[in-house]
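*Asks:* Below is a structure I'd like to ask you about.
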Amino acid sequence: MESASNHSQTPLLETERPKPPASVPAGSSTVFLGSVAWFHRLTIEQRVLAGFSLVFVGILIVSGISYHNTSILLTNSELDGRSHDLIQLLNTIDAALIEAEDAQRRYLVTGETSYLEIYKKVTKQKPTFTAYLNDLVGESPEQRQRIGILDRMMERQLSAESKAITLFHEGGFRATKKMAFEGAGKRELGVIHQIITEMDLHERQAVARRVEESAAWTRNTIVLLGIGALMLLVLLAWVYYLIRHDITERRRIAGELQRRGELLEAANKELEAFSYSVSHDLRAPLRHIDGYAALLRKSVEHSLSEKAARYLQTISDSAKQMGQLIDDLLVFSRMGRQEMLRTAVNLDQLIKSIFSDLRLDLQGRKISWTIAALPEVQGDPAMLRQVFMNLITNAVKFTSTRPIATVEIGVEHPSSGEIVLFVRDNGVGFDMQYAAKLFGVFQRLHRADEFEGTGIGLANVRRIVHRHGGRAWAEGVQDKGATFYVLLPARRRDS
Amino acid sequence: MTVAKPILLAEDNPRDAELALAAMEAEQISDKVVLCHDGAEVLDYLYCRGQFKSRLRGNPAVVFLDLKMPKVNGLEVLRTIKADANLRPIPVVMLTSSREERDLADSYALGANAYVVKPVEFHKFLSAVKELGTFWGVINEPPPGSCRSTQ
């Protein structure tokens, strides 16, 4: 818009800006597109707010202009009132002065004092007339000038008449006979009458002008209100569209979420059915393999070679191992689905109870324990117990090759919102490049004949810790030892 | 040794059945075992109908019940037994592969007297079945109305 008006203004600007005229609408359209892009970056709340702000500003502008127009109309009608008063006053003055002149002449002819009274009354009123006129006439310099003349003329008329009356008192009717017939202030009265007529006309013209002006303002106001109302309606419709669009979108998303939730639930049910079937159906053949291997061994016991016995033993062991793997996998899968408790867990007592469970496994081992005073945490006691059971049995297991094993259980407070618990051992450790693999399901860093286990323990640890809103990680040095860390949020997380 | 009382074994899998019978053979209680291959057969036996129409009247000393069976599953059989005033006293032992919490809860809620998960390892399975057979078939005194021997 701006560039368009500049463009048509001066040829100087034309040379300064070597744009061809055709690019002018293109320029304005890029401005438009730019503002559209800006608008699209706004959030729905900001857009609605912008819409309502525009409506509010529109209402303010329309109200302001209406107020302005209406106050002009009010002023005009007030001025009209004054003008009417002025016209009336002018008539009164005209009549009063005529009456005064008339009364004075009658007095000069008849000597009747009641006529003198009327004349005196008008004389008394005269200053009031001037004051009223000045009051009513307002700022108009022409009218003020006329009032000045009028005042002087009235003064002259009344004083001429007053002289005549004095002469009458001194010389009687004879002395004033000529005056009585001609009228003492007749000439002034004529001028007064003319001025009054002029003033009257002036005022009437002013009234007529104001009436026209008021009509124009009223028309303007009506048009403005109409346009304003229309624009506000358009704006409100736009805001309504925005809100409606947003609500529709939100509803669609809610529906989509619900649909996905249902899908997820169905998938979960399926998974449950799957793990149920695994637990029931996969175990049976394993039992049969082990069972029939045992029965076979029993029935051919006497003729069995050492090699054949070892083969049978391997069949049995493999079946058992697979049974263990299935059991571990089921526990792991159940860990993800199980409902979680949220209570205060005293870790000191938890560790104590783990030690009492491990009493038998620890017999015959030389382990130097360092156990710090542990805090209370929020969580599921059974799950947390499994975490520490796994970490402690791991420490015991992987220090079995050490003549004197040392295991430390401690706590760190990296920040007010977090608690880090760790289990450190001087066992076989691990190469840090495999650290990421440690917590995977069935991931093992040692051969089965070195250390037993299916490799599910740390996967369970990580899953449980994640469900508590925390993290689990490990640091280790090959042949020097390992430290396993568990970070738990100190306060309850509302999730 | 005391004479073993009849034991009703509900097992649809013939291998499991054979292994269970082999386990009980060692304790000389296998000949007291009546083998049913599905839930419907168990109910036929208990109500003396179908192929068991002419059997000697009286309830078994114990029912070993698998959960997953064709036709009528273990939980349905259990529900029928515990809902019948005549059958309710029969001890029912769930003998199953399932370790699922839901199955445990459902079984005990329906009135199962014991719940045993079949161990994968044969020697554990063997000892479990032996102990069960000895306890329920020999040591435990069955409720009145049980038959003293099978036909």
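Within each chain, counting starts at residue 1; across the structure tokens, chains are named A, B, ... in the order shown, with ligands numbered 1 upward in that order.
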I need the contact residues of chain B against chain A, so if you could list those with any atom within 9 Å, counting only C-alpha atoms, and return them as a list in words, that would help.
*Replies:*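 That gives Asn13, Arg15, Asp16, Leu19, Ala22, Lys68, Thr96, Ser97, Ser98, Arg99, Glu100, Lys118, Pro119, Val120, Glu121, Phe122, His123, Phe125 and Leu126 of chain B for chain B.
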*Asks:* Write the selection just made, keeping C-alpha atoms, as a compact mmCIF listing (two decimals), in the first residue's frame?
*Replies:*
```
# COMPACT_ATOMS: atom_id res chain seq x y z
CA ASN B 13 -1.13 -84.81 27.05
CA ARG B 15 3.43 -87.85 27.44
CA ASP B 16 2.71 -85.92 30.60
CA LEU B 19 5.60 -89.41 32.91
CA ALA B 22 5.96 -93.49 35.64
CA LYS B 68 -5.55 -76.50 29.80
CA THR B 96 -0.31 -77.43 35.60
CA SER B 97 2.50 -75.82 33.62
CA SER B 98 1.14 -72.34 34.23
CA ARG B 99 2.78 -70.10 36.78
CA GLU B 100 0.51 -67.19 35.81
CA LYS B 118 4.86 -78.99 36.97
CA PRO B 119 8.65 -78.51 37.14
CA VAL B 120 10.54 -78.70 33.85
CA GLU B 121 13.25 -80.85 35.36
CA PHE B 122 12.18 -84.45 35.41
CA HIS B 123 13.63 -85.35 38.78
CA PHE B 125 8.60 -83.43 38.48
CA LEU B 126 9.13 -86.99 39.61
```
*Asks:* Please return as a PDB file with N, CA and C atoms, in the first residue's frame: the residues of stretch 261-417 of chain A that backbone DSSP assigns to strand (DSSP E or B).
*Replies:*
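Below you can see selection.pdb, which holds the result:
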```pdb
ATOM      1  N   THR A 343       5.353 -46.774  47.608  1.00  0.00           N
ATOM      2  CA  THR A 343       5.408 -46.563  49.056  1.00  0.00           C
ATOM      3  C   THR A 343       6.837 -46.200  49.438  1.00  0.00           C
ATOM      4  N   ALA A 344       6.993 -45.828  50.691  1.00  0.00           N
ATOM      5  CA  ALA A 344       8.341 -45.533  51.176  1.00  0.00           C
ATOM      6  C   ALA A 344       9.056 -46.860  51.392  1.00  0.00           C
ATOM      7  N   VAL A 345      10.274 -46.968  50.853  1.00  0.00           N
ATOM      8  CA  VAL A 345      11.039 -48.207  51.006  1.00  0.00           C
ATOM      9  C   VAL A 345      12.312 -47.891  51.775  1.00  0.00           C
ATOM     10  N   ASN A 346      12.473 -48.587  52.908  1.00  0.00           N
ATOM     11  CA  ASN A 346      13.672 -48.415  53.710  1.00  0.00           C
ATOM     12  C   ASN A 346      14.765 -49.315  53.136  1.00  0.00           C
ATOM     13  N   ILE A 367      34.290 -62.285  51.851  1.00  0.00           N
ATOM     14  CA  ILE A 367      33.923 -61.010  51.232  1.00  0.00           C
ATOM     15  C   ILE A 367      33.984 -59.918  52.288  1.00  0.00           C
ATOM     16  N   SER A 368      34.669 -58.834  51.929  1.00  0.00           N
ATOM     17  CA  SER A 368      34.699 -57.701  52.839  1.00  0.00           C
ATOM     18  C   SER A 368      33.632 -56.708  52.400  1.00  0.00           C
ATOM     19  N   TRP A 369      32.611 -56.551  53.226  1.00  0.00           N
ATOM     20  CA  TRP A 369      31.473 -55.688  52.870  1.00  0.00           C
ATOM     21  C   TRP A 369      31.635 -54.293  53.446  1.00  0.00           C
ATOM     22  N   THR A 370      31.352 -53.289  52.659  1.00  0.00           N
ATOM     23  CA  THR A 370      31.272 -51.912  53.159  1.00  0.00           C
ATOM     24  C   THR A 370      29.891 -51.397  52.776  1.00  0.00           C
ATOM     25  N   ILE A 371      29.050 -51.203  53.771  1.00  0.00           N
ATOM     26  CA  ILE A 371      27.683 -50.793  53.445  1.00  0.00           C
ATOM     27  C   ILE A 371      27.366 -49.469  54.142  1.00  0.00           C
ATOM     28  N   GLU A 376      15.776 -43.575  52.577  1.00  0.00           N
ATOM     29  CA  GLU A 376      14.468 -44.138  52.261  1.00  0.00           C
ATOM     30  C   GLU A 376      14.086 -43.612  50.877  1.00  0.00           C
ATOM     31  N   VAL A 377      13.550 -44.472  50.033  1.00  0.00           N
ATOM     32  CA  VAL A 377      13.148 -44.012  48.688  1.00  0.00           C
ATOM     33  C   VAL A 377      11.684 -44.367  48.444  1.00  0.00           C
ATOM     34  N   GLN A 378      11.136 -43.767  47.411  1.00  0.00           N
ATOM     35  CA  GLN A 378       9.751 -44.064  47.022  1.00  0.00           C
ATOM     36  C   GLN A 378       9.776 -45.138  45.950  1.00  0.00           C
ATOM     37  N   GLY A 379       8.926 -46.150  46.083  1.00  0.00           N
ATOM     38  CA  GLY A 379       8.890 -47.135  45.014  1.00  0.00           C
ATOM     39  C   GLY A 379       8.181 -48.409  45.407  1.00  0.00           C
ATOM     40  N   ALA A 405      37.302 -60.891  48.319  1.00  0.00           N
ATOM     41  CA  ALA A 405      36.423 -60.019  47.534  1.00  0.00           C
ATOM     42  C   ALA A 405      36.047 -58.807  48.369  1.00  0.00           C
ATOM     43  N   THR A 406      35.937 -57.638  47.709  1.00  0.00           N
ATOM     44  CA  THR A 406      35.401 -56.481  48.435  1.00  0.00           C
ATOM     45  C   THR A 406      34.185 -55.964  47.666  1.00  0.00           C
ATOM     46  N   VAL A 407      33.138 -55.725  48.399  1.00  0.00           N
ATOM     47  CA  VAL A 407      31.916 -55.201  47.793  1.00  0.00           C
ATOM     48  C   VAL A 407      31.471 -54.001  48.613  1.00  0.00           C
ATOM     49  N   GLU A 408      31.196 -52.900  47.920  1.00  0.00           N
ATOM     50  CA  GLU A 408      30.768 -51.693  48.625  1.00  0.00           C
ATOM     51  C   GLU A 408      29.385 -51.290  48.125  1.00  0.00           C
ATOM     52  N   ILE A 409      28.496 -51.008  49.077  1.00  0.00           N
ATOM     53  CA  ILE A 409      27.176 -50.486  48.706  1.00  0.00           C
ATOM     54  C   ILE A 409      27.102 -49.072  49.268  1.00  0.00           C
ATOM     55  N   GLY A 410      26.859 -48.099  48.412  1.00  0.00           N
ATOM     56  CA  GLY A 410      26.885 -46.713  48.888  1.00  0.00           C
ATOM     57  C   GLY A 410      25.837 -45.848  48.222  1.00  0.00           C
ATOM     58  N   VAL A 411      25.874 -44.583  48.613  1.00  0.00           N
ATOM     59  CA  VAL A 411      24.876 -43.653  48.103  1.00  0.00           C
ATOM     60  C   VAL A 411      25.553 -42.311  47.813  1.00  0.00           C
ATOM     61  N   GLU A 412      25.089 -41.651  46.746  1.00  0.00           N
ATOM     62  CA  GLU A 412      25.564 -40.310  46.399  1.00  0.00           C
ATOM     63  C   GLU A 412      24.350 -39.421  46.193  1.00  0.00           C
ATOM     64  N   HIS A 413      24.535 -38.124  46.444  1.00  0.00           N
ATOM     65  CA  HIS A 413      23.429 -37.175  46.210  1.00  0.00           C
ATOM     66  C   HIS A 413      23.891 -36.118  45.214  1.00  0.00           C
ATOM     67  N   PRO A 414      23.778 -36.411  43.922  1.00  0.00           N
ATOM     68  CA  PRO A 414      24.251 -35.436  42.937  1.00  0.00           C
ATOM     69  C   PRO A 414      23.416 -34.157  42.933  1.00  0.00           C
ATOM     70  N   SER A 415      22.130 -34.255  43.203  1.00  0.00           N
ATOM     71  CA  SER A 415      21.282 -33.063  43.295  1.00  0.00           C
ATOM     72  C   SER A 415      20.157 -33.354  44.268  1.00  0.00           C
TER      73      SER A 415
END
```
*Asks:* Skipping near chain neighbours, those fewer than 4 positions away, what residues fall within 12 Å of stretch 47-50 of chain B using only C-alpha atoms, listed as number ranges by chain?
*Replies:* B: 40-43, 54-60, 77, 80-81, 84, 86-87
*Asks:* For the atom pair atom CA of B:Tyr115 and atom CA of B:Glu11, what is the interatomic distance in Å to one decimal place?
*Replies:*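 Going from atom CA of B:Tyr115 over to atom CA of B:Glu11 covers 14.9 Å.
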*Asks:* Of the candidates B:Tyr45, B:Phe135, B:Pro91, B:Leu75, which one gets nearest to B:Leu110 if we count only C-alpha atoms?
*Replies:*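 Ranking B:Tyr45, B:Phe135, B:Pro91, B:Leu75 by distance to B:Leu110, first place goes to B:Leu75.
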*Asks:* Can you measure atom CA of B:Phe52 to atom CA of B:Tyr108 for me? One decimal in Å is fine.
*Replies:*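 Atom CA of B:Tyr108 lies at a distance of 28.4 Å from atom CA of B:Phe52.
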*Asks:* Calculate how many Å separate atom CA of B:Val138 from atom CA of B:Ser30, rounding to one decimal.
*Replies:*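 Interatomic distance, atom CA of B:Val138 to atom CA of B:Ser30: 11.9 Å.
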*Asks:* Using only C-alpha atoms for the distances, tell me which of B:His37, B:Arg102, B:Lys53, B:Lys130 is nearest to B:Val72.
*Replies:*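 Going through B:His37, B:Arg102, B:Lys53, B:Lys130 one by one, the smallest distance to B:Val72 is for B:His37.
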*Asks:* If you run DSSP on the backbone, which residues of stretch 55-88 of chain B are alpha helix (DSSP H), as a PDB file with C-alpha atoms, in the first residue's frame?
*Replies:*
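Output file out_9.pdb is given in full below:
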```
ATOM      1  CA  GLY B  74      -9.625 -77.424  34.279  1.00  0.00           C
ATOM      2  CA  LEU B  75     -11.171 -74.296  35.765  1.00  0.00           C
ATOM      3  CA  GLU B  76     -14.612 -75.268  34.431  1.00  0.00           C
ATOM      4  CA  VAL B  77     -14.270 -78.766  35.892  1.00  0.00           C
ATOM      5  CA  LEU B  78     -13.182 -77.222  39.193  1.00  0.00           C
ATOM      6  CA  ARG B  79     -16.175 -74.883  39.160  1.00  0.00           C
ATOM      7  CA  THR B  80     -18.570 -77.795  38.530  1.00  0.00           C
ATOM      8  CA  ILE B  81     -17.023 -79.918  41.293  1.00  0.00           C
ATOM      9  CA  LYS B  82     -17.111 -77.145  43.874  1.00  0.00           C
ATOM     10  CA  ALA B  83     -20.668 -76.164  42.956  1.00  0.00           C
TER      11      ALA B  83
END
```
*Asks:* Which one of B:Pro89, B:Pro70, B:Pro6, B:Gly111 sits closest to B:Gly137 if you count only C-alpha atoms?
*Replies:* B:Pro6
